[in-house]
file entry23.txt (compact mmCIF, C-alpha atoms)
# COMPACT_ATOMS: atom_id res chain seq x y z
CA MET D 1 -41.32 145.46 16.77
CA ILE D 2 -44.51 143.75 17.85
CA ILE D 3 -46.49 144.64 20.95
CA ILE D 4 -48.88 141.89 22.07
CA ASN D 5 -52.08 143.05 23.78
CA ARG D 6 -53.27 140.25 26.04
CA LYS D 7 -56.59 139.60 27.73
CA LYS D 8 -56.86 140.43 31.41
CA LYS D 9 -58.48 137.09 32.22
CA VAL D 10 -56.16 134.21 31.30
CA GLU D 11 -57.85 131.18 29.75
CA GLN D 12 -56.64 127.64 29.16
CA TYR D 13 -57.18 126.12 25.74
CA LYS D 14 -59.00 122.79 25.71
CA LEU D 15 -57.69 120.61 22.92
CA GLU D 16 -60.50 118.83 21.13
CA GLN D 17 -60.48 115.15 20.25
CA MET D 18 -59.11 114.72 16.72
CA PRO D 19 -61.79 113.45 14.34
CA GLN D 20 -61.05 110.45 12.15
CA PHE D 21 -59.82 111.95 8.90
CA SER D 22 -59.48 109.93 5.73
CA HIS D 23 -56.62 112.11 4.47
CA LYS D 24 -53.40 112.89 6.25
CA MET D 25 -53.49 116.49 4.94
CA SER D 26 -56.86 117.08 6.67
CA ALA D 27 -55.38 115.90 9.97
CA MET D 28 -52.38 118.21 9.54
CA ILE D 29 -54.65 121.20 8.83
CA TRP D 30 -56.81 120.35 11.85
CA TYR D 31 -53.71 120.16 14.05
CA HIS D 32 -52.44 123.50 12.69
CA VAL D 33 -55.76 125.19 13.49
CA GLN D 34 -55.73 123.75 17.03
CA LYS D 35 -52.17 124.99 17.55
CA MET D 36 -53.13 128.46 16.27
CA ASN D 37 -56.19 128.65 18.54
CA ALA D 38 -54.13 127.58 21.56
CA GLU D 39 -51.51 130.25 20.90
CA LEU D 40 -54.04 133.03 20.31
CA ILE D 41 -56.51 132.26 23.11
CA ASN D 42 -55.19 134.97 25.47
CA ILE D 43 -54.38 137.59 22.83
CA LYS D 44 -56.79 140.43 21.98
CA SER D 45 -54.69 142.16 19.34
CA ILE D 46 -51.16 143.00 18.30
CA ASP D 47 -49.53 146.28 17.32
CA VAL D 48 -47.06 146.02 14.44
CA GLN D 49 -44.59 148.75 13.62
CA VAL D 50 -44.88 150.21 10.10
CA LYS D 51 -41.21 149.55 9.32
CA ASP D 52 -41.85 145.85 10.06
CA ILE D 53 -44.78 145.80 7.66
CA LYS D 54 -42.63 147.33 4.92
CA LYS D 55 -40.17 144.42 5.25
CA MET D 56 -42.92 141.81 4.87
CA ILE D 57 -42.51 142.04 1.11
CA TYR D 58 -39.39 139.86 1.52
CA SER D 59 -41.22 137.17 3.50
CA TYR D 60 -41.83 133.73 2.01
CA ARG D 61 -45.20 133.56 3.82
CA PRO D 62 -47.99 134.58 1.42
CA SER D 63 -50.21 136.02 4.16
CA LEU D 64 -47.47 138.48 5.21
CA VAL D 65 -46.80 139.55 1.62
CA SER D 66 -50.55 140.02 1.15
CA PHE D 67 -50.76 142.11 4.33
CA TYR D 68 -47.89 144.26 3.06
CA ALA D 69 -49.72 144.77 -0.25
CA ARG D 70 -53.00 145.73 1.46
CA PHE D 71 -51.19 148.08 3.84
CA ASN D 72 -49.19 149.68 1.02
CA LEU D 73 -52.45 150.87 -0.56
CA LEU D 74 -53.57 152.72 2.59
CA GLY D 75 -51.21 155.69 2.27
CA GLU D 76 -48.23 157.16 4.07
CA TYR D 77 -47.29 156.36 7.65
CA SER D 78 -44.17 157.11 9.65
CA ASP D 79 -41.86 154.12 10.18
CA ASP D 80 -42.30 154.48 13.96
CA ASP D 81 -46.11 154.29 13.84
CA TYR D 82 -47.89 151.16 15.00
CA ILE D 83 -50.82 149.47 13.25
CA ASN D 84 -53.26 147.56 15.47
CA ILE D 85 -54.55 144.19 14.24
CA SER D 86 -57.53 142.87 16.20
CA LYS D 87 -58.00 139.13 16.51
CA TYR D 88 -61.77 139.55 16.37
CA LYS D 89 -61.87 140.99 12.87
CA LYS D 90 -62.55 138.39 10.17
CA GLY D 91 -59.37 136.89 8.68
CA ASN D 92 -57.00 138.42 11.22
CA LYS D 93 -56.51 135.31 13.37
CA HIS D 94 -54.34 133.61 10.78
CA LEU D 95 -52.45 136.85 10.05
CA ILE D 96 -51.67 137.40 13.74
CA TYR D 97 -50.49 133.80 14.06
CA GLU D 98 -48.19 134.22 11.04
CA ILE D 99 -46.78 137.49 12.40
CA LEU D 100 -46.13 136.01 15.83
CA ASN D 101 -44.33 133.04 14.29
CA ALA D 102 -42.15 135.03 11.89
CA ASN D 103 -38.63 134.43 13.19
CA TRP D 104 -37.37 137.81 11.95
CA LEU D 105 -39.79 139.99 13.92
CA LEU D 106 -38.99 141.15 17.45
CA LYS D 107 -41.54 140.99 20.24
CA LEU D 108 -41.25 143.79 22.80
CA GLY D 109 -42.36 141.59 25.71
CA ASN D 110 -39.59 139.06 25.03
CA LEU D 111 -36.92 141.77 24.79
CA GLU D 112 -37.90 143.44 28.06
CA ASP D 113 -37.50 140.13 29.91
CA LYS D 114 -33.91 139.63 28.72
CA THR D 115 -30.73 140.90 30.34
CA GLU D 116 -28.13 142.89 28.43
CA GLU D 117 -25.86 139.83 28.25
CA GLU D 118 -28.66 137.74 26.75
CA LEU D 119 -29.36 140.45 24.17
CA GLU D 120 -25.66 140.69 23.27
CA TYR D 121 -25.51 136.91 22.86
CA GLU D 122 -28.60 136.98 20.64
CA ILE D 123 -26.98 139.68 18.49
CA PHE D 124 -23.82 137.57 18.23
CA CYS D 125 -25.76 134.43 17.22
CA LEU D 126 -27.84 136.35 14.71
CA GLN D 127 -24.73 137.84 13.10
CA ASN D 128 -23.22 134.35 12.79
CA LYS D 129 -26.43 133.04 11.20
CA VAL D 130 -26.39 135.89 8.65
CA ASP D 131 -22.74 135.17 7.84
CA GLU D 132 -23.49 131.46 7.31
CA MET D 133 -26.42 132.25 5.04
CA LYS D 134 -24.26 134.59 2.96
CA LYS D 135 -21.92 131.66 2.33
CA LYS D 136 -24.85 129.49 1.14
CA ILE D 137 -26.39 132.14 -1.12
CA ASN D 138 -25.10 130.42 -4.29
CA SER D 139 -27.26 127.32 -3.71
CA ASN D 140 -30.61 129.17 -3.61
CA GLY D 141 -30.06 132.87 -4.12
CA TYR D 142 -33.70 133.96 -4.05
CA TYR D 143 -34.58 132.23 -0.77
CA TYR D 144 -31.35 133.04 1.03
CA GLY D 145 -31.23 136.59 -0.35
CA HIS D 146 -34.60 137.46 1.12
CA ASN D 147 -33.90 135.64 4.37
CA ILE D 148 -30.61 137.51 4.73
CA LYS D 149 -32.42 140.84 4.26
CA LEU D 150 -34.96 139.92 6.94
CA LEU D 151 -32.34 138.68 9.41
CA GLU D 152 -30.16 141.76 8.83
CA TYR D 153 -33.24 143.86 9.50
CA LYS D 154 -33.84 141.93 12.75
CA LEU D 155 -30.19 142.44 13.68
CA SER D 156 -30.38 146.20 13.13
CA CYS D 157 -33.63 146.44 15.14
CA LEU D 158 -32.10 144.43 17.97
CA GLU D 159 -29.01 146.65 18.01
CA ASP D 160 -31.23 149.78 18.02
CA TYR D 161 -33.27 148.41 20.92
CA MET D 162 -30.10 147.57 22.84
CA PHE D 163 -28.69 151.07 22.22
CA GLN D 164 -31.91 152.75 23.38
CA ARG D 165 -32.11 150.54 26.44
CA VAL D 166 -28.51 151.29 27.49
CA ASN D 167 -29.00 155.03 26.96
CA LYS D 168 -32.21 155.00 29.00
CA GLN D 169 -30.43 153.21 31.87
CA GLN D 170 -27.55 155.71 31.77
CA VAL D 171 -29.94 158.68 31.90
CA ASN D 172 -31.77 157.10 34.86
CA GLN D 173 -28.46 156.59 36.69
CA ILE D 174 -27.46 160.23 36.11
CA LEU D 175 -30.84 161.41 37.43
CA VAL D 176 -30.49 159.22 40.53
CA LYS D 177 -27.02 160.67 41.20
CA LYS D 178 -28.19 164.28 40.76
CA LEU D 179 -31.26 163.88 42.98
CA PRO D 180 -29.33 163.50 46.28
CA ILE D 181 -27.12 166.44 45.31
CA LEU D 182 -30.18 168.63 44.78
CA LEU D 183 -31.72 167.51 48.06
CA ASN D 184 -28.50 168.36 49.95
CA ALA D 185 -28.36 171.81 48.34
CA LYS D 186 -31.82 172.73 49.70
CA LYS D 187 -30.74 172.10 53.32

call {"tool": "encode", "arguments": {"input": "entry23.txt", "output": "structure tokens"}}
result
Amino acid sequence: MIIINRKKKVEQYKLEQMPQFSHKMSAMIWYHVQKMNAELINIKSIDVQVKDIKKMIYSYRPSLVSFYARFNLLGEYSDDDYINISKYKKGNKHLIYEILNANWLLKLGNLEDKTEEELEYEIFCLQNKVDEMKKKINSNGYYYGHNIKLLEYKLSCLEDYMFQRVNKQQVNQILVKKLPILLNAKK
């Protein structure tokens, strides 16, 4: 799960005028950098859960695999620990952008905004996508195999979040019911 730490003062990104490039690839790279800067303008840092980092080895994005390799050399961490990645440290802007755009990682802010029905529907759609990919695994086993692992991981994390959220709501409801009973007993 990813926690996004945003700036207190919200800024608007001003898109620059595209220079005249002689190569189409240069224009595409320029556009990609502008898109990245626009997305990251109001973000200070992100916190990434260790268990998410351990799954980056299955990613097809080289920067995520590289981050996994660098992290793996640091030592032992609990799966529930979070690692902070600051945008202001050299080389982290691109890494943060890649992490935020990985479709298999969950963002806590997005999950908190969704209702239980929306989460259940997302779980249903994700399960269907995994099932479809399992049928296609013969055409490109390496790509689909790793994607299936990542989407199954996302599915299990989403189900865990949903379970924790429902349990938390039930505990809160029980506490609310017991509170009036306790107040009446004191009278």

call {"tool": "atom_distance", "arguments": {"input": "entry23.txt", "atom1": "CA of Ser45 (chain D)", "atom2": "CA of Ile4 (chain D)"}}
result
6.4 Å

call {"tool": "atom_distance", "arguments": {"input": "entry23.txt", "atom1": "CA of Glu76 (chain D)", "atom2": "CA of Met1 (chain D)"}}
result
18.6 Å

call {"tool": "residues_near_point", "arguments": {"input": "entry23.txt", "point": "(-46.4, 153.3, 8.4)", "cutoff": "10 Å", "atoms": "all atoms listed in the file", "output": "PyMOL selection string"}}
result
chain D and resi 48-54+71-72+74-83

call {"tool": "axis_aligned_box", "arguments": {"input": "entry23.txt", "around": "region 117-136 of chain D", "padding_each_side": "3 Å", "output": "AutoDock Vina command-line options"}}
result
--center_x -25.6 --center_y 135.1 --center_z 14.7 --size_x 13.4 --size_y 17.2 --size_z 33.1

call {"tool": "atom_distance", "arguments": {"input": "entry23.txt", "atom1": "CA of Ile43 (chain D)", "atom2": "CA of Leu111 (chain D)"}}
result
18.1 Å

call {"tool": "closest_residue", "arguments": {"input": "entry23.txt", "among": "D:Met25, D:Leu64, D:Leu105, D:Leu15", "to": "Ala38 (chain D)", "atoms": "only C-alpha atoms"}}
result
D:Leu15

call {"tool": "residues_around", "arguments": {"input": "entry23.txt", "residues": "Lys87 (chain D)", "least_positions_apart": "2", "cutoff": "7 Å", "atoms": "only C-alpha atoms", "output": "mmCIF file with C-alpha atoms, in the frame of the given file"}}
result
data_model
loop_
_atom_site.group_PDB
_atom_site.id
_atom_site.type_symbol
_atom_site.label_atom_id
_atom_site.label_comp_id
_atom_site.auth_asym_id
_atom_site.auth_seq_id
_atom_site.Cartn_x
_atom_site.Cartn_y
_atom_site.Cartn_z
ATOM 1 C CA LYS D 44 -56.790 140.430 21.980
ATOM 2 C CA SER D 45 -54.690 142.160 19.340
ATOM 3 C CA ILE D 85 -54.550 144.190 14.240
ATOM 4 C CA LYS D 89 -61.870 140.990 12.870
ATOM 5 C CA ASN D 92 -57.000 138.420 11.220
ATOM 6 C CA LYS D 93 -56.510 135.310 13.370
#

call {"tool": "closest_residue", "arguments": {"input": "entry23.txt", "among": "D:Glu16, D:Glu98, D:Asp131, D:Glu112", "to": "Ser63 (chain D)", "atoms": "only C-alpha atoms"}}
result
D:Glu98

call {"tool": "closest_atom_pairs", "arguments": {"input": "entry23.txt", "of": "region 34-92 of chain D", "to": "region 149-171 of chain D", "cutoff": "8 Å", "atoms": "only C-alpha atoms", "output": "tab-separated table"}}
result
residue	atom	partner	partner_atom	distance
D:Lys55	CA	D:Leu150	CA	7.1
D:Tyr58	CA	D:Leu150	CA	7.0
D:Ser59	CA	D:Leu150	CA	7.7

call {"tool": "decode", "arguments": {"input": "entry23.txt", "residues": "region 74-88 of chain D", "atoms": "all heavy atoms", "output": "PDB file, in the first residue's frame"}}
result
ATOM      1  N   LEU D  74      19.653  -3.737   1.697  1.00  0.00           N
ATOM      2  CA  LEU D  74      19.665  -2.962   2.938  1.00  0.00           C
ATOM      3  C   LEU D  74      19.508  -3.800   4.198  1.00  0.00           C
ATOM      4  O   LEU D  74      19.864  -3.358   5.283  1.00  0.00           O
ATOM      5  CB  LEU D  74      18.561  -1.898   2.909  1.00  0.00           C
ATOM      6  CG  LEU D  74      18.729  -0.795   1.879  1.00  0.00           C
ATOM      7  CD1 LEU D  74      17.549   0.154   1.928  1.00  0.00           C
ATOM      8  CD2 LEU D  74      20.022  -0.033   2.124  1.00  0.00           C
ATOM      9  N   GLY D  75      18.926  -4.967   4.124  1.00  0.00           N
ATOM     10  CA  GLY D  75      18.738  -5.790   5.317  1.00  0.00           C
ATOM     11  C   GLY D  75      17.286  -6.185   5.505  1.00  0.00           C
ATOM     12  O   GLY D  75      16.464  -6.057   4.609  1.00  0.00           O
ATOM     13  N   GLU D  76      16.990  -6.650   6.700  1.00  0.00           N
ATOM     14  CA  GLU D  76      15.664  -7.196   7.002  1.00  0.00           C
ATOM     15  C   GLU D  76      14.705  -6.120   7.524  1.00  0.00           C
ATOM     16  O   GLU D  76      15.063  -5.314   8.378  1.00  0.00           O
ATOM     17  CB  GLU D  76      15.774  -8.311   8.042  1.00  0.00           C
ATOM     18  CG  GLU D  76      16.434  -9.559   7.512  1.00  0.00           C
ATOM     19  CD  GLU D  76      15.627 -10.225   6.410  1.00  0.00           C
ATOM     20  OE1 GLU D  76      14.395 -10.327   6.539  1.00  0.00           O
ATOM     21  OE2 GLU D  76      16.245 -10.635   5.416  1.00  0.00           O
ATOM     22  N   TYR D  77      13.516  -6.141   7.001  1.00  0.00           N
ATOM     23  CA  TYR D  77      12.422  -5.291   7.453  1.00  0.00           C
ATOM     24  C   TYR D  77      11.183  -6.163   7.578  1.00  0.00           C
ATOM     25  O   TYR D  77      11.045  -7.163   6.880  1.00  0.00           O
ATOM     26  CB  TYR D  77      12.114  -4.180   6.437  1.00  0.00           C
ATOM     27  CG  TYR D  77      13.128  -3.072   6.387  1.00  0.00           C
ATOM     28  CD1 TYR D  77      14.198  -3.126   5.510  1.00  0.00           C
ATOM     29  CD2 TYR D  77      13.007  -1.964   7.217  1.00  0.00           C
ATOM     30  CE1 TYR D  77      15.134  -2.105   5.457  1.00  0.00           C
ATOM     31  CE2 TYR D  77      13.932  -0.940   7.166  1.00  0.00           C
ATOM     32  CZ  TYR D  77      14.996  -1.009   6.284  1.00  0.00           C
ATOM     33  OH  TYR D  77      15.915  -0.007   6.232  1.00  0.00           O
ATOM     34  N   SER D  78      10.265  -5.747   8.421  1.00  0.00           N
ATOM     35  CA  SER D  78       8.974  -6.429   8.526  1.00  0.00           C
ATOM     36  C   SER D  78       8.140  -6.062   7.300  1.00  0.00           C
ATOM     37  O   SER D  78       8.259  -4.961   6.765  1.00  0.00           O
ATOM     38  CB  SER D  78       8.262  -5.975   9.800  1.00  0.00           C
ATOM     39  OG  SER D  78       6.918  -6.360   9.787  1.00  0.00           O
ATOM     40  N   ASP D  79       7.274  -6.973   6.860  1.00  0.00           N
ATOM     41  CA  ASP D  79       6.426  -6.702   5.695  1.00  0.00           C
ATOM     42  C   ASP D  79       5.501  -5.507   5.911  1.00  0.00           C
ATOM     43  O   ASP D  79       5.077  -4.865   4.956  1.00  0.00           O
ATOM     44  CB  ASP D  79       5.581  -7.935   5.347  1.00  0.00           C
ATOM     45  CG  ASP D  79       6.376  -8.973   4.590  1.00  0.00           C
ATOM     46  OD1 ASP D  79       7.531  -8.690   4.213  1.00  0.00           O
ATOM     47  OD2 ASP D  79       5.841 -10.076   4.371  1.00  0.00           O
ATOM     48  N   ASP D  80       5.166  -5.201   7.152  1.00  0.00           N
ATOM     49  CA  ASP D  80       4.240  -4.104   7.436  1.00  0.00           C
ATOM     50  C   ASP D  80       4.931  -2.752   7.604  1.00  0.00           C
ATOM     51  O   ASP D  80       4.262  -1.739   7.780  1.00  0.00           O
ATOM     52  CB  ASP D  80       3.423  -4.425   8.695  1.00  0.00           C
ATOM     53  CG  ASP D  80       2.513  -5.625   8.479  1.00  0.00           C
ATOM     54  OD1 ASP D  80       2.027  -5.807   7.334  1.00  0.00           O
ATOM     55  OD2 ASP D  80       2.282  -6.382   9.440  1.00  0.00           O
ATOM     56  N   ASP D  81       6.260  -2.732   7.552  1.00  0.00           N
ATOM     57  CA  ASP D  81       7.001  -1.468   7.643  1.00  0.00           C
ATOM     58  C   ASP D  81       6.810  -0.660   6.363  1.00  0.00           C
ATOM     59  O   ASP D  81       6.522  -1.209   5.299  1.00  0.00           O
ATOM     60  CB  ASP D  81       8.500  -1.725   7.844  1.00  0.00           C
ATOM     61  CG  ASP D  81       8.822  -2.260   9.224  1.00  0.00           C
ATOM     62  OD1 ASP D  81       7.964  -2.151  10.127  1.00  0.00           O
ATOM     63  OD2 ASP D  81       9.923  -2.801   9.401  1.00  0.00           O
ATOM     64  N   TYR D  82       6.979   0.643   6.497  1.00  0.00           N
ATOM     65  CA  TYR D  82       6.912   1.542   5.348  1.00  0.00           C
ATOM     66  C   TYR D  82       8.274   2.190   5.123  1.00  0.00           C
ATOM     67  O   TYR D  82       8.968   2.548   6.072  1.00  0.00           O
ATOM     68  CB  TYR D  82       5.862   2.639   5.563  1.00  0.00           C
ATOM     69  CG  TYR D  82       4.452   2.171   5.346  1.00  0.00           C
ATOM     70  CD1 TYR D  82       3.720   1.585   6.367  1.00  0.00           C
ATOM     71  CD2 TYR D  82       3.851   2.304   4.102  1.00  0.00           C
ATOM     72  CE1 TYR D  82       2.421   1.149   6.165  1.00  0.00           C
ATOM     73  CE2 TYR D  82       2.557   1.877   3.881  1.00  0.00           C
ATOM     74  CZ  TYR D  82       1.847   1.309   4.918  1.00  0.00           C
ATOM     75  OH  TYR D  82       0.567   0.876   4.703  1.00  0.00           O
ATOM     76  N   ILE D  83       8.645   2.350   3.867  1.00  0.00           N
ATOM     77  CA  ILE D  83       9.877   3.026   3.476  1.00  0.00           C
ATOM     78  C   ILE D  83       9.485   4.338   2.814  1.00  0.00           C
ATOM     79  O   ILE D  83       8.668   4.368   1.891  1.00  0.00           O
ATOM     80  CB  ILE D  83      10.695   2.161   2.482  1.00  0.00           C
ATOM     81  CG1 ILE D  83      11.000   0.791   3.064  1.00  0.00           C
ATOM     82  CG2 ILE D  83      11.951   2.892   2.051  1.00  0.00           C
ATOM     83  CD1 ILE D  83      11.836   0.784   4.307  1.00  0.00           C
ATOM     84  N   ASN D  84      10.063   5.445   3.309  1.00  0.00           N
ATOM     85  CA  ASN D  84       9.761   6.768   2.774  1.00  0.00           C
ATOM     86  C   ASN D  84      10.697   7.078   1.611  1.00  0.00           C
ATOM     87  O   ASN D  84      11.906   6.880   1.715  1.00  0.00           O
ATOM     88  CB  ASN D  84       9.892   7.831   3.869  1.00  0.00           C
ATOM     89  CG  ASN D  84       9.520   9.196   3.375  1.00  0.00           C
ATOM     90  OD1 ASN D  84      10.333   9.895   2.788  1.00  0.00           O
ATOM     91  ND2 ASN D  84       8.286   9.574   3.600  1.00  0.00           N
ATOM     92  N   ILE D  85      10.125   7.583   0.518  1.00  0.00           N
ATOM     93  CA  ILE D  85      10.905   7.998  -0.650  1.00  0.00           C
ATOM     94  C   ILE D  85      10.607   9.473  -0.889  1.00  0.00           C
ATOM     95  O   ILE D  85       9.489   9.836  -1.252  1.00  0.00           O
ATOM     96  CB  ILE D  85      10.529   7.176  -1.900  1.00  0.00           C
ATOM     97  CG1 ILE D  85      10.691   5.688  -1.624  1.00  0.00           C
ATOM     98  CG2 ILE D  85      11.366   7.607  -3.086  1.00  0.00           C
ATOM     99  CD1 ILE D  85      10.129   4.805  -2.711  1.00  0.00           C
ATOM    100  N   SER D  86      11.600  10.308  -0.665  1.00  0.00           N
ATOM    101  CA  SER D  86      11.450  11.747  -0.831  1.00  0.00           C
ATOM    102  C   SER D  86      11.648  12.139  -2.295  1.00  0.00           C
ATOM    103  O   SER D  86      12.556  11.656  -2.959  1.00  0.00           O
ATOM    104  CB  SER D  86      12.470  12.482   0.034  1.00  0.00           C
ATOM    105  OG  SER D  86      12.432  13.864  -0.242  1.00  0.00           O
ATOM    106  N   LYS D  87      10.797  13.032  -2.755  1.00  0.00           N
ATOM    107  CA  LYS D  87      10.900  13.512  -4.135  1.00  0.00           C
ATOM    108  C   LYS D  87      12.143  14.368  -4.337  1.00  0.00           C
ATOM    109  O   LYS D  87      12.660  14.473  -5.445  1.00  0.00           O
ATOM    110  CB  LYS D  87       9.649  14.325  -4.479  1.00  0.00           C
ATOM    111  CG  LYS D  87       9.670  14.960  -5.855  1.00  0.00           C
ATOM    112  CD  LYS D  87       8.404  15.701  -6.162  1.00  0.00           C
ATOM    113  CE  LYS D  87       8.475  17.114  -5.670  1.00  0.00           C
ATOM    114  NZ  LYS D  87       7.361  17.948  -6.124  1.00  0.00           N
ATOM    115  N   TYR D  88      12.651  14.942  -3.275  1.00  0.00           N
ATOM    116  CA  TYR D  88      13.754  15.901  -3.388  1.00  0.00           C
ATOM    117  C   TYR D  88      15.127  15.244  -3.414  1.00  0.00           C
ATOM    118  O   TYR D  88      16.114  15.922  -3.629  1.00  0.00           O
ATOM    119  CB  TYR D  88      13.656  16.916  -2.247  1.00  0.00           C
ATOM    120  CG  TYR D  88      12.318  17.618  -2.266  1.00  0.00           C
ATOM    121  CD1 TYR D  88      11.352  17.343  -1.309  1.00  0.00           C
ATOM    122  CD2 TYR D  88      12.003  18.515  -3.284  1.00  0.00           C
ATOM    123  CE1 TYR D  88      10.120  17.972  -1.350  1.00  0.00           C
ATOM    124  CE2 TYR D  88      10.772  19.136  -3.334  1.00  0.00           C
ATOM    125  CZ  TYR D  88       9.835  18.870  -2.366  1.00  0.00           C
ATOM    126  OH  TYR D  88       8.610  19.469  -2.416  1.00  0.00           O
TER     127      TYR D  88
END
